[in-house]
>>> print(open('run20.txt').read())   # compact mmCIF, C-alpha atoms
# COMPACT_ATOMS: atom_id res chain seq x y z
CA MET A 1 73.02 101.45 127.58
CA ALA A 2 76.55 102.65 126.90
CA CYS A 3 77.04 106.37 127.51
CA VAL A 4 79.95 108.81 127.36
CA SER A 5 79.46 112.28 128.79
CA VAL A 6 81.05 115.55 129.63
CA GLY A 7 79.45 117.54 132.45
CA THR A 8 76.36 116.73 134.48
CA MET A 9 73.67 119.19 133.34
CA ASN A 10 71.06 118.11 130.79
CA ARG A 11 71.19 120.16 127.60
CA ALA A 12 69.11 119.85 124.47
CA ALA A 13 70.69 118.14 121.50
CA GLU A 14 71.56 120.66 118.78
CA TYR A 15 73.59 120.66 115.58
CA GLN A 16 74.94 123.02 112.95
CA ILE A 17 75.91 122.17 109.38
CA ASP A 18 78.61 124.18 107.59
CA GLN A 19 80.26 123.80 104.22
CA ALA A 20 83.70 122.20 104.46
CA ASP A 21 86.67 123.17 102.30
CA ASP A 22 86.44 119.97 100.23
CA GLY A 23 82.76 120.57 99.40
CA ALA A 24 81.49 118.08 101.98
CA ALA A 25 79.55 118.97 105.11
CA ARG A 26 81.05 120.01 108.42
CA LEU A 27 78.87 118.95 111.34
CA ARG A 28 78.89 120.62 114.75
CA LEU A 29 77.22 118.69 117.57
CA THR A 30 76.27 120.49 120.77
CA GLY A 31 74.35 119.55 123.87
CA ASP A 32 73.48 116.08 125.08
CA TRP A 33 72.88 113.51 122.36
CA SER A 34 71.31 110.98 124.70
CA THR A 35 68.08 109.05 125.07
CA THR A 36 66.30 111.81 126.98
CA SER A 37 67.52 114.68 124.77
CA VAL A 38 67.93 113.53 121.18
CA GLY A 39 64.21 113.44 120.26
CA ARG A 40 63.72 113.80 116.49
CA GLN A 41 67.00 115.54 115.87
CA GLY A 42 68.26 112.56 113.89
CA GLU A 43 65.40 112.87 111.37
CA ARG A 44 65.93 116.62 110.99
CA LEU A 45 69.66 116.13 110.57
CA LYS A 46 69.13 113.56 107.83
CA ALA A 47 66.74 115.87 105.98
CA GLU A 48 69.13 118.83 106.11
CA LEU A 49 72.20 116.85 105.08
CA ALA A 50 70.36 115.70 101.94
CA GLU A 51 72.77 112.82 101.23
CA ARG A 52 75.87 115.04 101.64
CA PRO A 53 78.80 113.22 103.28
CA VAL A 54 80.20 114.47 106.58
CA THR A 55 84.00 114.55 106.75
CA THR A 56 84.60 116.95 109.67
CA LEU A 57 83.12 117.07 113.14
CA ASP A 58 83.18 119.82 115.75
CA LEU A 59 82.68 118.15 119.13
CA ASP A 60 83.88 120.89 121.47
CA ASP A 61 80.41 121.51 122.92
CA LEU A 62 79.18 117.89 122.79
CA GLY A 63 77.90 116.72 126.14
CA ARG A 64 76.44 113.26 126.82
CA PHE A 65 76.63 110.84 123.93
CA ASP A 66 75.00 107.41 124.29
CA THR A 67 73.77 104.71 121.93
CA ALA A 68 70.54 106.61 121.17
CA GLY A 69 72.53 109.64 120.02
CA ALA A 70 74.98 107.45 118.09
CA LEU A 71 72.08 105.71 116.32
CA ALA A 72 70.50 109.06 115.39
CA VAL A 73 73.78 110.28 113.91
CA ALA A 74 74.48 106.97 112.12
CA GLN A 75 71.04 106.82 110.50
CA ALA A 76 71.35 110.43 109.32
CA MET A 77 74.60 109.76 107.44
CA SER A 78 74.63 108.75 103.76
CA SER A 79 78.18 107.41 104.26
CA PRO A 80 80.18 106.58 107.43
CA ILE A 81 81.96 109.43 109.18
CA PRO A 82 85.76 109.00 108.99
CA ASP A 83 87.47 107.85 112.16
CA ALA A 84 89.75 110.89 112.11
CA ALA A 85 86.73 113.17 112.57
CA TRP A 86 86.23 111.73 116.07
CA ARG A 87 89.77 112.59 117.23
CA ALA A 88 88.48 115.08 119.80
CA ARG A 89 86.18 112.49 121.39
CA PRO A 90 87.60 109.02 120.67
CA GLU A 91 85.20 107.31 123.10
CA ALA A 92 82.24 108.81 121.21
CA GLY A 93 83.82 107.62 117.96
CA ARG A 94 84.08 104.04 119.24
CA LEU A 95 80.44 104.13 120.31
CA TYR A 96 79.40 105.57 116.94
CA ARG A 97 81.29 102.88 114.99
CA MET A 98 79.79 100.08 117.07
CA VAL A 99 76.22 101.37 116.66
CA ALA A 100 76.71 102.08 112.92
CA LYS A 101 77.97 98.52 112.36
CA LEU A 102 75.01 97.02 114.19
CA ASP A 103 72.60 99.27 112.29
CA CYS A 104 74.03 98.10 108.97
CA MET A 105 73.60 94.48 110.04
CA THR A 106 69.92 95.01 110.88
CA ALA A 107 67.68 93.48 108.21
CA ASP A 108 65.07 95.62 106.56
CA PRO A 109 61.45 94.77 107.42
CA PRO A 110 59.90 92.38 104.90
CA SER A 111 58.00 94.15 102.19
CA ARG A 112 54.24 93.73 102.28
CA SER A 113 52.74 92.09 99.24
CA ALA A 114 49.97 93.67 97.21
CA ALA A 115 46.39 93.55 98.45
CA MET A 116 45.31 91.26 95.61
CA THR A 117 48.16 88.87 96.34
CA ARG A 118 47.24 88.76 100.03
CA GLY A 119 43.61 88.11 99.10
CA PHE A 120 44.47 85.18 96.85
CA ALA A 121 46.86 83.83 99.48
CA LYS A 122 44.13 83.95 102.10
CA VAL A 123 41.78 82.09 99.75
CA GLY A 124 44.47 79.51 99.08
CA ARG A 125 45.11 78.98 102.78
CA GLY A 126 41.38 78.61 103.32
CA VAL A 127 41.11 75.95 100.62
CA TYR A 128 44.10 74.10 102.04
CA ASP A 129 42.68 74.25 105.57
CA PHE A 130 39.33 73.00 104.29
CA ALA A 131 40.96 70.05 102.52
CA ALA A 132 43.07 69.21 105.59
CA GLU A 133 40.00 69.41 107.83
CA ALA A 134 38.09 67.14 105.44
CA MET A 135 40.87 64.56 105.48
CA LEU A 136 41.06 64.58 109.28
CA SER A 137 37.28 64.26 109.48
CA LEU A 138 37.32 61.24 107.16
CA ALA A 139 40.05 59.65 109.28
CA PHE A 140 38.00 60.26 112.41
CA LEU A 141 34.93 58.80 110.72
CA GLY A 142 36.85 55.65 109.86
CA ARG A 143 38.04 55.21 113.44
CA LEU A 144 34.52 55.88 114.69
CA MET A 145 33.03 53.22 112.43
CA ALA A 146 35.65 50.72 113.59
CA ALA A 147 34.85 51.57 117.23
CA VAL A 148 31.11 51.11 116.60
CA VAL A 149 31.73 47.68 115.05
CA THR A 150 33.91 46.70 118.00
CA ALA A 151 31.23 47.83 120.46
CA LEU A 152 28.59 45.77 118.65
CA LYS A 153 30.83 42.69 118.65
CA HIS A 154 31.61 42.95 122.35
CA PRO A 155 28.53 44.40 124.09
CA GLY A 156 29.85 43.22 127.46
CA ARG A 157 32.60 45.82 127.28
CA LEU A 158 30.19 48.69 126.99
CA ARG A 159 30.38 51.32 129.72
CA TRP A 160 26.73 51.53 130.66
CA ALA A 161 27.30 54.01 133.48
CA ALA A 162 28.82 56.48 131.02
CA TRP A 163 25.93 55.87 128.61
CA PHE A 164 23.27 56.67 131.20
CA SER A 165 25.20 59.65 132.52
CA GLN A 166 25.55 61.17 129.05
CA ALA A 167 21.89 60.37 128.24
CA GLU A 168 20.79 62.27 131.33
CA ARG A 169 22.99 65.27 130.58
CA THR A 170 22.30 65.50 126.84
CA GLY A 171 18.66 64.44 126.94
CA LEU A 172 16.78 64.85 130.20
CA ASP A 173 18.49 68.08 131.19
CA ALA A 174 17.73 69.55 127.74
CA ILE A 175 13.97 68.91 127.88
CA PRO A 176 12.95 72.32 129.33
CA ILE A 177 14.87 74.45 126.83
CA VAL A 178 13.83 72.26 123.88
CA VAL A 179 10.12 72.27 124.76
CA VAL A 180 9.97 75.98 125.60
CA THR A 181 11.85 77.00 122.45
CA ASN A 182 9.64 74.91 120.19
CA PHE A 183 6.55 76.18 122.00
CA PHE A 184 7.41 79.72 120.95
CA ILE A 185 8.40 78.59 117.46
CA GLY A 186 4.97 76.96 117.07
CA ALA A 187 3.31 80.13 118.35
CA VAL A 188 5.21 82.29 115.85
CA VAL A 189 4.28 79.98 112.96
CA ALA A 190 0.65 80.12 114.11
CA PHE A 191 0.65 83.93 114.27
CA ILE A 192 2.06 84.17 110.76
CA GLY A 193 -0.27 81.50 109.37
CA VAL A 194 -3.39 82.93 110.99
CA ASP A 195 -2.60 86.47 109.83
CA LEU A 196 -1.86 85.35 106.26
CA LEU A 197 -4.62 82.78 105.73
CA THR A 198 -7.35 84.87 107.35
CA GLN A 199 -6.93 87.44 104.58
CA PHE A 200 -8.09 84.76 102.12
CA GLY A 201 -10.84 83.40 104.35
CA ALA A 202 -8.91 80.20 104.99
CA GLY A 203 -7.88 80.73 108.60
CA VAL A 204 -8.95 77.21 109.53
CA PHE A 205 -6.14 75.80 107.37
CA SER A 206 -3.60 77.34 109.72
CA VAL A 207 -3.94 74.13 111.73
CA GLN A 208 -2.48 72.12 108.85
CA LEU A 209 0.21 74.74 108.36
CA ILE A 210 1.24 74.49 111.99
CA GLY A 211 1.27 70.69 111.88
CA VAL A 212 3.34 70.44 108.70
CA ALA A 213 5.84 73.12 109.76
CA VAL A 214 6.33 71.70 113.24
CA PHE A 215 6.37 68.01 112.29
CA ARG A 216 8.54 68.19 109.18
CA GLU A 217 11.01 70.94 109.92
CA PHE A 218 10.98 73.12 112.98
CA ALA A 219 10.81 70.50 115.74
CA VAL A 220 13.74 68.40 114.57
CA VAL A 221 15.87 71.27 113.20
CA ILE A 222 15.46 73.54 116.24
CA THR A 223 16.13 70.63 118.58
CA ALA A 224 19.24 69.60 116.67
CA VAL A 225 20.53 73.18 116.59
CA LEU A 226 19.98 73.53 120.34
CA LEU A 227 21.88 70.31 120.97
CA ALA A 228 24.61 71.48 118.59
CA GLY A 229 25.14 74.52 120.78
CA ARG A 230 24.62 72.61 124.00
CA SER A 231 26.02 69.11 123.53
CA ALA A 232 28.52 69.48 120.68
CA SER A 233 30.30 72.27 122.54
CA SER A 234 30.17 70.26 125.74
CA PHE A 235 31.66 67.19 124.05
CA ALA A 236 34.44 69.25 122.48
CA ALA A 237 35.24 71.02 125.76
CA GLU A 238 35.23 67.86 127.89
CA ILE A 239 37.34 65.74 125.56
CA GLY A 240 39.55 68.71 124.73
CA SER A 241 40.25 69.32 128.41
CA MET A 242 41.22 65.68 128.79
CA ARG A 243 43.55 66.05 125.83
CA MET A 244 45.15 69.11 127.43
CA THR A 245 45.72 67.31 130.73
CA GLN A 246 47.00 64.20 128.86
CA GLU A 247 44.24 62.00 130.26
CA VAL A 248 43.59 60.61 126.77
CA ASP A 249 47.27 59.68 126.46
CA ALA A 250 47.10 58.01 129.84
CA MET A 251 44.11 55.95 128.66
CA GLN A 252 46.08 54.73 125.66
CA VAL A 253 49.05 53.83 127.86
CA MET A 254 46.75 51.76 130.10
CA GLY A 255 45.29 49.99 127.06
CA VAL A 256 41.93 51.79 127.09
CA ASP A 257 40.55 52.80 123.70
CA PRO A 258 39.58 56.52 123.93
CA PHE A 259 36.88 55.99 121.31
CA GLN A 260 35.24 53.26 123.37
CA ALA A 261 35.53 55.26 126.60
CA LEU A 262 34.75 58.78 125.38
CA VAL A 263 33.15 58.83 121.94
CA ILE A 264 30.82 55.81 121.83
CA PRO A 265 28.88 56.68 125.03
CA ARG A 266 28.26 60.23 123.83
CA LEU A 267 27.26 59.07 120.36
CA ALA A 268 24.86 56.46 121.71
CA ALA A 269 23.34 58.85 124.24
CA LEU A 270 22.61 61.46 121.60
CA LEU A 271 21.38 58.84 119.15
CA ILE A 272 18.78 57.70 121.67
CA MET A 273 17.80 61.03 123.16
CA LEU A 274 17.51 63.26 120.08
CA PRO A 275 14.48 61.39 118.62
CA LEU A 276 12.80 61.54 122.05
CA LEU A 277 13.56 65.23 122.35
CA THR A 278 12.26 65.76 118.81
CA PHE A 279 8.95 64.12 119.76
CA LEU A 280 8.66 66.35 122.83
CA ALA A 281 9.55 69.35 120.66
CA MET A 282 6.67 68.44 118.34
CA LEU A 283 4.29 68.41 121.26
CA GLY A 284 5.63 71.76 122.47
CA GLY A 285 5.30 73.32 119.02
CA LEU A 286 1.74 72.03 118.62
CA MET A 287 0.86 73.40 122.06
CA GLY A 288 2.11 76.85 121.09
CA GLY A 289 0.22 76.77 117.79
CA MET A 290 -2.90 75.48 119.52
CA LEU A 291 -2.96 78.33 122.02
CA VAL A 292 -2.52 80.95 119.30
CA SER A 293 -5.26 79.39 117.16
CA TRP A 294 -7.54 79.27 120.17
CA SER A 295 -6.92 82.93 121.04
CA GLN A 296 -6.98 84.31 117.47
CA LEU A 297 -9.53 82.08 115.68
CA ASN A 298 -11.50 80.62 118.60
CA LEU A 299 -10.49 77.14 117.44
CA GLY A 300 -10.58 75.04 120.61
CA PRO A 301 -8.08 72.29 121.42
CA ALA A 302 -10.55 69.57 120.47
CA PHE A 303 -11.16 71.07 117.04
CA PHE A 304 -7.42 71.67 116.57
CA LEU A 305 -6.56 68.02 117.28
CA GLN A 306 -9.48 66.82 115.17
CA ARG A 307 -8.21 68.80 112.16
CA LEU A 308 -4.78 67.28 112.61
CA LEU A 309 -6.11 63.72 112.86
CA GLU A 310 -8.39 64.17 109.85
CA ASP A 311 -5.42 65.02 107.66
CA GLY A 312 -4.31 61.64 106.32
CA TYR A 313 -0.77 62.86 105.63
CA MET A 314 0.04 64.24 109.08
CA HIS A 315 1.54 60.97 110.30
CA LYS A 316 3.87 61.00 107.28
CA HIS A 317 5.03 64.50 108.18
CA MET A 318 5.75 63.31 111.71
CA MET A 319 7.75 60.34 110.43
CA VAL A 320 9.76 62.64 108.16
CA GLY A 321 10.81 64.67 111.19
CA LEU A 322 11.62 61.61 113.27
CA VAL A 323 13.66 60.03 110.47
CA LYS A 324 15.95 63.06 110.40
CA ALA A 325 16.59 62.97 114.15
CA PRO A 326 19.03 59.99 114.30
CA VAL A 327 21.08 61.37 111.41
CA PHE A 328 21.34 64.77 113.07
CA ALA A 329 22.28 63.06 116.34
CA VAL A 330 25.17 61.19 114.73
CA VAL A 331 26.41 64.36 113.04
CA VAL A 332 26.26 66.50 116.19
CA ALA A 333 27.95 63.89 118.38
CA ALA A 334 30.63 63.03 115.80
CA ILE A 335 31.55 66.66 115.14
CA GLY A 336 31.71 67.51 118.85
CA CYS A 337 33.91 64.51 119.67
CA ARG A 338 36.08 64.99 116.59
CA GLN A 339 36.85 68.60 117.52
CA GLY A 340 37.56 67.58 121.09
CA MET A 341 40.02 64.91 119.94
CA SER A 342 41.83 67.54 117.82
CA VAL A 343 42.58 69.91 120.71
CA ALA A 344 46.27 70.67 121.19
CA GLY A 345 47.94 71.45 124.49
CA ASP A 346 46.88 75.09 124.87
CA VAL A 347 43.73 76.93 125.89
CA GLU A 348 43.56 78.86 122.60
CA SER A 349 43.25 75.58 120.69
CA LEU A 350 40.47 74.48 123.04
CA GLY A 351 38.52 77.69 122.38
CA ARG A 352 38.93 77.36 118.61
CA ARG A 353 37.82 73.74 118.61
CA VAL A 354 34.74 74.40 120.76
CA THR A 355 33.72 77.22 118.43
CA ALA A 356 34.38 75.04 115.38
CA ALA A 357 32.27 72.24 116.86
CA VAL A 358 29.21 74.47 117.22
CA VAL A 359 29.60 76.16 113.82
CA GLN A 360 30.26 72.95 111.92
CA ALA A 361 27.42 71.11 113.64
CA ILE A 362 24.88 73.83 112.83
CA PHE A 363 26.13 74.06 109.25
CA ALA A 364 25.91 70.29 108.83
CA ILE A 365 22.36 70.26 110.22
CA ILE A 366 21.15 72.90 107.76
CA LEU A 367 22.92 71.21 104.86
CA LEU A 368 21.52 67.76 105.70
CA ASP A 369 18.05 69.22 106.16
CA ALA A 370 18.23 70.62 102.62
CA VAL A 371 19.40 67.24 101.32
CA PHE A 372 16.53 65.50 103.12
CA ALA A 373 14.08 68.00 101.63
CA LEU A 374 15.28 67.19 98.11
CA ILE A 375 15.11 63.44 98.77
CA PHE A 376 11.59 63.57 100.17
CA ILE A 377 10.45 65.77 97.29
CA GLU A 378 11.77 63.20 94.81
CA LEU A 379 10.10 60.40 96.76
CA LYS A 380 6.91 62.49 96.96
CA ILE A 381 6.69 62.09 100.73
>>> encode(input="run20.txt", output="structure tokens")
Amino acid sequence: MACVSVGTMNRAAEYQIDQADDGAARLRLTGDWSTTSVGRQGERLKAELAERPVTTLDLDDLGRFDTAGALAVAQAMSSPIPDAAWRARPEAGRLYRMVAKLDCMTADPPSRSAAMTRGFAKVGRGVYDFAAEAMLSLAFLGRLMAAVVTALKHPGRLRWAAWFSQAERTGLDAIPIVVVTNFFIGAVVAFIGVDLLTQFGAGVFSVQLIGVAVFREFAVVITAVLLAGRSASSFAAEIGSMRMTQEVDAMQVMGVDPFQALVIPRLAALLIMLPLLTFLAMLGGLMGGMLVSWSQLNLGPAFFLQRLLEDGYMHKHMMVGLVKAPVFAVVVAAIGCRQGMSVAGDVESLGRRVTAAVVQAIFAIILLDAVFALIFIELKI
């Protein structure tokens, strides 16, 4: 920082404004007008001058004068101080002129638009981002379909080791959490059903309620949501990390199709394992409902299973749940891999894509479940 000074002792920056002969202001600067001393003197000086021009300076008692002091004086002036006013301290005048010129060249901060305008702009950006994301998803879907056709045409090129590895990680390792979660879901449904139906003397029908709720909805939806949080995020993180380290680019350079090496094994593993996990989730949910019915209504396991088997529609409810599973598997795997393939070269992008994979997968599961419900209602299934 440039600085001109007289003396060595630190003195507070002070000023005095007098009326000049020509009607303008006469400014007297005293003390050190430096970074450590100027403080808010510039703002006070500007307020007291009230747009009056300064034509005369008294600099006899001016001590240190650096760029901070020059900026305070320059910003307080409504018009530049004449060069002749700095005759007593020409070095301070040169510093003032340099700082005043730079201050005039500084652009004003951009004005902030109105709140309504910002709101509409945010909505517009959201719509644009949604459309761009939809287009990229359709492009990914096209490449995925082409990769699936290629894999079916050339089964000898399939990477079976990757298939089995992904099946173990996405399926077998997820069995405990899937079964336990659905066990408690079945128990909660049983508690609600028993408490509600017992009031009408129809507590025995809680068995059918548990079966329908677990078979049609809860088993497959809860399992798919768990895999959306577990597998979709894993797919996005793994493939995204490979994108960051340029392993995917290296595969393409070596002539390896990333879709055949990375996407197809994960898609196939989830397509096979999600129906199996859904079936185990049904068993877990029934077990939870059975224990609650046994403890609350004294309906033993034999009677519980007999009531389920006597219902001629229970196998249809089970098939409804199992039919949804492959569709949910394709959606979860495709969204996870698609977000992983879209990761840029920074960690922030990886975090955003992993989060987007989980959110989009769960949203797609709920949306497809509603669509399935409407279809089965129309088909009277």
>>> closest_residue(input="run20.txt", among="A:Gln208, A:Ser234, A:Thr55, A:Gln306", to="Pro80 in chain A", atoms="all atoms listed in the file")
A:Thr55
>>> atom_distance(input="run20.txt", atom1="CA of Ala373 in chain A", atom2="CA of Lys324 in chain A")
10.2 Å
>>> closest_residue(input="run20.txt", among="A:Leu267, A:Cys337, A:Val54, A:Val178", to="Glu238 in chain A", atoms="only C-alpha atoms")
A:Cys337
>>> residues_around(input="run20.txt", residues="Pro258 in chain A", least_positions_apart="6", cutoff="8 Å", atoms="all atoms listed in the file", output="PDB file with C-alpha atoms, in the frame of the given file")
ATOM      1  CA  VAL A 248      43.590  60.610 126.770  1.00  0.00           C
ATOM      2  CA  MET A 251      44.110  55.950 128.660  1.00  0.00           C
ATOM      3  CA  GLN A 252      46.080  54.730 125.660  1.00  0.00           C
TER       4      GLN A 252
END
>>> residues_around(input="run20.txt", residues="Thr223 in chain A", least_positions_apart="6", cutoff="8 Å", atoms="all atoms listed in the file", output="count of residues only")
6
>>> residues_around(input="run20.txt", residues="Arg40 in chain A", least_positions_apart="6", cutoff="12 Å", atoms="all atoms listed in the file", output="number ranges by chain")
A: 12-14, 33-34, 46-47, 68-69, 71-73, 75-76
>>> closest_residue(input="run20.txt", among="A:Thr181, A:Ser206, A:Ser111, A:Ser165", to="Gln296 in chain A", atoms="only C-alpha atoms")
A:Ser206
>>> closest_residue(input="run20.txt", among="A:Met98, A:Ala187, A:Ala167, A:Met341", to="Leu136 in chain A", atoms="only C-alpha atoms")
A:Met341
>>> decode(input="run20.txt", residues="range 52-75 of chain A", atoms="N, CA, C and O atoms", output="PDB file, in the first residue's frame")
ATOM      1  N   ARG A  52     -21.147  19.871  -1.238  1.00  0.00           N
ATOM      2  CA  ARG A  52     -20.426  21.117  -1.498  1.00  0.00           C
ATOM      3  C   ARG A  52     -19.041  20.801  -2.051  1.00  0.00           C
ATOM      4  O   ARG A  52     -18.344  19.920  -1.529  1.00  0.00           O
ATOM      5  N   PRO A  53     -18.598  21.505  -3.084  1.00  0.00           N
ATOM      6  CA  PRO A  53     -17.254  21.252  -3.616  1.00  0.00           C
ATOM      7  C   PRO A  53     -16.171  21.807  -2.705  1.00  0.00           C
ATOM      8  O   PRO A  53     -16.375  22.789  -1.994  1.00  0.00           O
ATOM      9  N   VAL A  54     -15.026  21.145  -2.715  1.00  0.00           N
ATOM     10  CA  VAL A  54     -13.864  21.589  -1.930  1.00  0.00           C
ATOM     11  C   VAL A  54     -12.851  22.165  -2.900  1.00  0.00           C
ATOM     12  O   VAL A  54     -12.400  21.480  -3.831  1.00  0.00           O
ATOM     13  N   THR A  55     -12.496  23.425  -2.700  1.00  0.00           N
ATOM     14  CA  THR A  55     -11.531  24.087  -3.588  1.00  0.00           C
ATOM     15  C   THR A  55     -10.214  24.403  -2.900  1.00  0.00           C
ATOM     16  O   THR A  55      -9.206  24.642  -3.562  1.00  0.00           O
ATOM     17  N   THR A  56     -10.208  24.394  -1.540  1.00  0.00           N
ATOM     18  CA  THR A  56      -9.006  24.770  -0.794  1.00  0.00           C
ATOM     19  C   THR A  56      -8.744  23.734   0.278  1.00  0.00           C
ATOM     20  O   THR A  56      -9.669  23.272   0.957  1.00  0.00           O
ATOM     21  N   LEU A  57      -7.478  23.376   0.423  1.00  0.00           N
ATOM     22  CA  LEU A  57      -7.062  22.414   1.440  1.00  0.00           C
ATOM     23  C   LEU A  57      -6.040  23.043   2.350  1.00  0.00           C
ATOM     24  O   LEU A  57      -5.163  23.802   1.911  1.00  0.00           O
ATOM     25  N   ASP A  58      -6.139  22.709   3.649  1.00  0.00           N
ATOM     26  CA  ASP A  58      -5.132  23.086   4.635  1.00  0.00           C
ATOM     27  C   ASP A  58      -4.489  21.791   5.106  1.00  0.00           C
ATOM     28  O   ASP A  58      -5.107  20.984   5.803  1.00  0.00           O
ATOM     29  N   LEU A  59      -3.238  21.574   4.699  1.00  0.00           N
ATOM     30  CA  LEU A  59      -2.556  20.312   4.969  1.00  0.00           C
ATOM     31  C   LEU A  59      -1.368  20.505   5.905  1.00  0.00           C
ATOM     32  O   LEU A  59      -0.496  19.624   5.983  1.00  0.00           O
ATOM     33  N   ASP A  60      -1.341  21.572   6.649  1.00  0.00           N
ATOM     34  CA  ASP A  60      -0.184  21.838   7.511  1.00  0.00           C
ATOM     35  C   ASP A  60      -0.024  20.786   8.596  1.00  0.00           C
ATOM     36  O   ASP A  60       1.100  20.437   8.976  1.00  0.00           O
ATOM     37  N   ASP A  61      -1.145  20.289   9.134  1.00  0.00           N
ATOM     38  CA  ASP A  61      -1.074  19.315  10.225  1.00  0.00           C
ATOM     39  C   ASP A  61      -1.388  17.895   9.756  1.00  0.00           C
ATOM     40  O   ASP A  61      -1.680  17.023  10.576  1.00  0.00           O
ATOM     41  N   LEU A  62      -1.352  17.651   8.454  1.00  0.00           N
ATOM     42  CA  LEU A  62      -1.611  16.302   7.928  1.00  0.00           C
ATOM     43  C   LEU A  62      -0.405  15.413   8.161  1.00  0.00           C
ATOM     44  O   LEU A  62       0.730  15.793   7.832  1.00  0.00           O
ATOM     45  N   GLY A  63      -0.631  14.276   8.757  1.00  0.00           N
ATOM     46  CA  GLY A  63       0.456  13.332   9.007  1.00  0.00           C
ATOM     47  C   GLY A  63       0.537  12.286   7.900  1.00  0.00           C
ATOM     48  O   GLY A  63       0.710  12.616   6.731  1.00  0.00           O
ATOM     49  N   ARG A  64       0.393  11.005   8.289  1.00  0.00           N
ATOM     50  CA  ARG A  64       0.437   9.932   7.285  1.00  0.00           C
ATOM     51  C   ARG A  64      -0.782  10.024   6.369  1.00  0.00           C
ATOM     52  O   ARG A  64      -1.884  10.343   6.802  1.00  0.00           O
ATOM     53  N   PHE A  65      -0.534   9.702   5.103  1.00  0.00           N
ATOM     54  CA  PHE A  65      -1.603   9.748   4.110  1.00  0.00           C
ATOM     55  C   PHE A  65      -1.365   8.606   3.123  1.00  0.00           C
ATOM     56  O   PHE A  65      -0.429   8.668   2.315  1.00  0.00           O
ATOM     57  N   ASP A  66      -2.183   7.527   3.247  1.00  0.00           N
ATOM     58  CA  ASP A  66      -1.986   6.390   2.346  1.00  0.00           C
ATOM     59  C   ASP A  66      -3.232   6.203   1.488  1.00  0.00           C
ATOM     60  O   ASP A  66      -4.118   7.073   1.434  1.00  0.00           O
ATOM     61  N   THR A  67      -3.295   5.091   0.789  1.00  0.00           N
ATOM     62  CA  THR A  67      -4.397   4.872  -0.150  1.00  0.00           C
ATOM     63  C   THR A  67      -5.744   4.784   0.555  1.00  0.00           C
ATOM     64  O   THR A  67      -6.773   5.163  -0.018  1.00  0.00           O
ATOM     65  N   ALA A  68      -5.786   4.275   1.800  1.00  0.00           N
ATOM     66  CA  ALA A  68      -7.047   4.228   2.534  1.00  0.00           C
ATOM     67  C   ALA A  68      -7.552   5.638   2.815  1.00  0.00           C
ATOM     68  O   ALA A  68      -8.744   5.938   2.658  1.00  0.00           O
ATOM     69  N   GLY A  69      -6.660   6.532   3.251  1.00  0.00           N
ATOM     70  CA  GLY A  69      -7.057   7.913   3.481  1.00  0.00           C
ATOM     71  C   GLY A  69      -7.446   8.611   2.189  1.00  0.00           C
ATOM     72  O   GLY A  69      -8.420   9.375   2.142  1.00  0.00           O
ATOM     73  N   ALA A  70      -6.683   8.368   1.113  1.00  0.00           N
ATOM     74  CA  ALA A  70      -7.020   8.978  -0.172  1.00  0.00           C
ATOM     75  C   ALA A  70      -8.377   8.508  -0.666  1.00  0.00           C
ATOM     76  O   ALA A  70      -9.160   9.291  -1.217  1.00  0.00           O
ATOM     77  N   LEU A  71      -8.694   7.225  -0.469  1.00  0.00           N
ATOM     78  CA  LEU A  71      -9.998   6.705  -0.898  1.00  0.00           C
ATOM     79  C   LEU A  71     -11.126   7.326  -0.083  1.00  0.00           C
ATOM     80  O   LEU A  71     -12.188   7.663  -0.620  1.00  0.00           O
ATOM     81  N   ALA A  72     -10.916   7.496   1.228  1.00  0.00           N
ATOM     82  CA  ALA A  72     -11.938   8.122   2.069  1.00  0.00           C
ATOM     83  C   ALA A  72     -12.215   9.548   1.619  1.00  0.00           C
ATOM     84  O   ALA A  72     -13.370   9.982   1.537  1.00  0.00           O
ATOM     85  N   VAL A  73     -11.150  10.296   1.305  1.00  0.00           N
ATOM     86  CA  VAL A  73     -11.332  11.677   0.854  1.00  0.00           C
ATOM     87  C   VAL A  73     -11.993  11.706  -0.518  1.00  0.00           C
ATOM     88  O   VAL A  73     -12.908  12.500  -0.781  1.00  0.00           O
ATOM     89  N   ALA A  74     -11.560  10.830  -1.431  1.00  0.00           N
ATOM     90  CA  ALA A  74     -12.106  10.827  -2.790  1.00  0.00           C
ATOM     91  C   ALA A  74     -13.592  10.481  -2.801  1.00  0.00           C
ATOM     92  O   ALA A  74     -14.376  11.083  -3.548  1.00  0.00           O
ATOM     93  N   GLN A  75     -14.007   9.524  -1.982  1.00  0.00           N
ATOM     94  CA  GLN A  75     -15.406   9.123  -1.958  1.00  0.00           C
ATOM     95  C   GLN A  75     -16.287  10.157  -1.267  1.00  0.00           C
ATOM     96  O   GLN A  75     -17.507  10.164  -1.463  1.00  0.00           O
TER      97      GLN A  75
END
